[in-house]
Structures are given as structure tokens and as C-alpha cells.
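Here's the structure we're looking at; comments come further down.
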Amino acid sequence: MRVTNNMLVMDFMNDYNKNLERLQKDQNMLSTGEKVSKPSDDPVAVASILRIKTEIARNNAYTKNTDDAKSWLSLTDTALGQIGDMLQNARELAVQGSNGTLTQSDMQNLAAQVDQLKQQIIQVGNTQYNGRYIFAGYKTDTKPFNDIDNSYAGDDGAIKFEVGAGGNTIQVNVTGDKVFDVSAGSSQLLDVMDKLSDKLKSGDNQAVSNIIGDIDNQLQNILSIRADAGAKANRVDLTANRLSDDNYNFTALLSKNQDADIAQVITNLKMDDNVYRASLASGAMIIQPSLVDFLR
């Protein structure tokens, strides 16, 4: 086979371009820190990277939901604690009012304090989280309680956040009908406060004494609901810890599949640069003047 000068030049250019492509790939890996910049570099690795990134994105969404759930449950626990404290104060006032030695003026003063406690309980019952009423069920844009009557304007809708794959959800809300013991459309908790106030105003210390048991029942209801909310908060904490561990593992796996070994890249870059320079030097010898250059 006759070897022409043009064939030598073409072979050299092909080899030269290959060397230049390797050098460019090394430079891209060094500048981006990633060993895969396009699917053709490593189709298998790219597919794995995409799957891992999808898992990380999903995991981040679950993490955000657990953060919201923790905030919601924390606010719920605080509100329930405040209601419990105010009921305890009402009980102490009832114990004082059951004392037959108090004057009518004393009983009126106790009744005024009970009325204030009721207003504070209603205010706590209308607690909002991020613009949503936490005790209103699904009707988060509706104020569940008012100071006109003892009715409940919310519903019994359970608000659930997805915190894991496979439909793993957790209910974050406690509905006001349970907290305020709503029966026949009226809050028994608020009715007890009204009854206590009325009996104090009328000076009926025996009736006031009888109401103490009703207050104890409402206190027990609040404690039970608060314990349930606390158990949910513990579950959310455990879920958040698991998601954090998963996120760490996914990130480590992504780094293993995607990140370049910088030390190895620098070594390869130096070697490929030497090869590139050598190809330039050899090209200078291959592309010599042809016979035509001497026929002048």
C-alpha cells in the first residue's frame, strides 16, 4: 500500500484530536469536580446518579414535612399545656369559692377571674400556625371558637403529613371538638366555666364544690390528649433522625458515583498534557515540506 503525505497528516490529526479530547475531559473534571459531565461519559453511572438525586429530593421533601410536623405538634403541646394550666387555676378558684366563709364580694371577684380564664382559653383555642387554626380540623381558615357562645365552628378533619415512602403519614392536628369536649354542638369545657362563674356570682358555694369534679374531668381529658400529642412528637423526632441518616447515606453514595478523585485527575491531566505536547512535537516532524515545495 502506498503511503502518501496526506495519509500521514490525516492519521496525525486523528491522534492529535483524541489526545486533545482526553486533555479537555481532564480539565472539565478538574474544574467541575465531577467525573461525569454527560451521559456518554458513563451511561451506567449517570443512571445511578439520577436515581440517587431523585431519592435525595424525595428525602428532602419528607424532611421538610417532618420539620412542619414538629413545629405544629410543638405549638399544639404548648397550647394544651396553657389550657391545662388555666383549668387548674379555675379549679383552685372553685376550691376557694366552695368555702362558705367568703363574702358575696369575694365570690364576685372569683367569678370575674373565671370569666377572664374562659376568654383566655378561647384565645388559646384559636391558636394559629402559619395562618392556620390548629384546632379547627380541615377548616383551618375558620376561627373555631368565639366569645359569643360555646359552639365549635371547626370539624373533625385529620391533617396528615407524609413523612416517608409507601404512604407513611402522621396526623399532626388535634381537633377542637376533642380538646374542648364538644357535645351536641356545645363545648362542655366552656360550659363548665360558665357554670362555675354563674354559681360563684350567685354565692352557691355547694354548687361550686360540685363543679370541681367536672373541672377534674376536663383536666383529665386535656392531659390524655396532650400525652397522645407528645407520643406523635416523639415519633416525628425518630422519623427526622432516620431521614437525616438516609440523607447522609444518599449524599455519600452520590459523591462516590459523581465526584472525581482530584488527585487522580491531576495525575491524569499531567500525563495527558505530556502526551499532547509529544504529539505536537511529533506532528512537527511528520508534516514536513513535500516535493511540491521544491519544484519552484
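Within each chain, counting starts at residue 1; across the C-alpha cells, chains are named A, B, ... in the order shown, with ligands numbered 1 upward in that order.
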
Closest atom pairs, residues of range 205-226 of chain A within 8 Å of range 180-201 of chain A, only C-alpha atoms, as CSV:
residue,atom,partner,partner_atom,distance
A:Asn205,CA,A:Leu200,CA,7.0
A:Ala207,CA,A:Lys199,CA,6.4
A:Val208,CA,A:Lys199,CA,5.9
A:Ile211,CA,A:Leu196,CA,6.6
A:Asp214,CA,A:Val192,CA,6.9
A:Ile215,CA,A:Val192,CA,7.0
A:Gln218,CA,A:Leu189,CA,6.3

Write out as a list in words all residues of range 36-252 of chain A that backbone DSSP assigns to strand (DSSP E or B). Gln128, Tyr129, Arg132, Tyr133, Ser151, Lys160, Phe161, Glu162, Val163, Gly164, Asn168, Thr169, Ile170, Gln171, Val182, Ser183, Ser186 and Ser187 of chain A

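In this model, the gap between CA of Ala69 in chain A and CA of Val236 in chain A comes to 7.2 Å.
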
Would you pick out the contacts of Gln171 in chain A at 7 Å or less, using only C-alpha atoms, so that residues sharing its chain but fewer than 2 positions from it are not included, and give the list as JSON, numbers by chain? {"A": [158, 159, 160, 161, 169, 173]}

Go ahead and save the picked residues with all heavy atoms, as a short mmCIF file (atom, residue, chain, number, x, y, z; two decimals), in the first residue's frame.
data_model
loop_
_atom_site.label_atom_id
_atom_site.label_comp_id
_atom_site.auth_asym_id
_atom_site.auth_seq_id
_atom_site.Cartn_x
_atom_site.Cartn_y
_atom_site.Cartn_z
N ALA A 158 -58.77 15.18 60.00
CA ALA A 158 -57.41 14.85 60.45
C ALA A 158 -56.40 15.31 59.40
O ALA A 158 -56.42 14.83 58.27
CB ALA A 158 -57.28 13.35 60.69
N ILE A 159 -55.53 16.22 59.77
CA ILE A 159 -54.49 16.72 58.87
C ILE A 159 -53.26 15.84 59.02
O ILE A 159 -52.69 15.72 60.10
CB ILE A 159 -54.15 18.19 59.18
CG1 ILE A 159 -55.38 19.07 58.97
CG2 ILE A 159 -52.99 18.67 58.31
CD1 ILE A 159 -55.17 20.52 59.35
N LYS A 160 -52.85 15.21 57.90
CA LYS A 160 -51.73 14.29 57.93
C LYS A 160 -50.62 14.76 57.01
O LYS A 160 -50.88 15.26 55.93
CB LYS A 160 -52.19 12.89 57.52
CG LYS A 160 -53.24 12.29 58.44
CD LYS A 160 -53.66 10.89 57.99
CE LYS A 160 -54.69 10.29 58.92
NZ LYS A 160 -55.09 8.92 58.50
N PHE A 161 -49.39 14.58 57.46
CA PHE A 161 -48.21 14.89 56.66
C PHE A 161 -47.54 13.58 56.25
O PHE A 161 -47.40 12.67 57.07
CB PHE A 161 -47.21 15.74 57.44
CG PHE A 161 -47.65 17.16 57.68
CD1 PHE A 161 -46.92 18.00 58.50
CD2 PHE A 161 -48.79 17.66 57.09
CE1 PHE A 161 -47.30 19.31 58.73
CE2 PHE A 161 -49.20 18.97 57.31
CZ PHE A 161 -48.45 19.79 58.12
N THR A 169 -47.59 8.28 56.82
CA THR A 169 -48.10 9.59 57.23
C THR A 169 -48.27 9.65 58.75
O THR A 169 -48.29 8.62 59.43
CB THR A 169 -49.47 9.87 56.58
OG1 THR A 169 -50.43 8.89 57.01
CG2 THR A 169 -49.37 9.85 55.07
N ASN A 173 -52.58 17.26 63.72
CA ASN A 173 -53.52 18.15 64.40
C ASN A 173 -54.36 17.41 65.43
O ASN A 173 -54.53 16.19 65.38
CB ASN A 173 -54.44 18.81 63.38
CG ASN A 173 -55.45 17.85 62.78
OD1 ASN A 173 -55.12 16.70 62.49
ND2 ASN A 173 -56.67 18.31 62.59
#

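Counting only C-alpha atoms, Arg242 in chain A has the following residues at most 12 Å away, ignoring those fewer than 3 positions along the same chain: Asn59, Tyr62, Thr63, Thr66, Val163, Gly164, Arg235, Val236, Asp237, Leu238, Thr239, Asp245, Asp246, Asn247, Tyr248 and Asn249 of chain A.
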
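Reported to one decimal place, the separation of CA of Val114 in chain A from CA of Val174 in chain A is 25.0 Å.
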
For Asn109 in chain A, please output as a count of residues only all residues within 12 Å (counting only C-alpha atoms; exclusion window: fewer than 5 positions along the same chain). 15

Run DSSP on the backbone and tell me which residues of range 23-243 of chain A come out as helix (DSSP H, G or I); list them as an NGL selection string. :A and (23-32 or 39-41 or 43-97 or 104-125 or 176-179 or 188-202 or 205-243)

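Remark: for Tyr133 in chain A, the closest of the candidate residues A:Leu75, A:Val46, A:Ala90, A:Ile56 is A:Leu75 (distances computed over only C-alpha atoms).
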
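Note that the spacing between CA of Gly176 in chain A and CA of Ala136 in chain A amounts to 5.9 Å.
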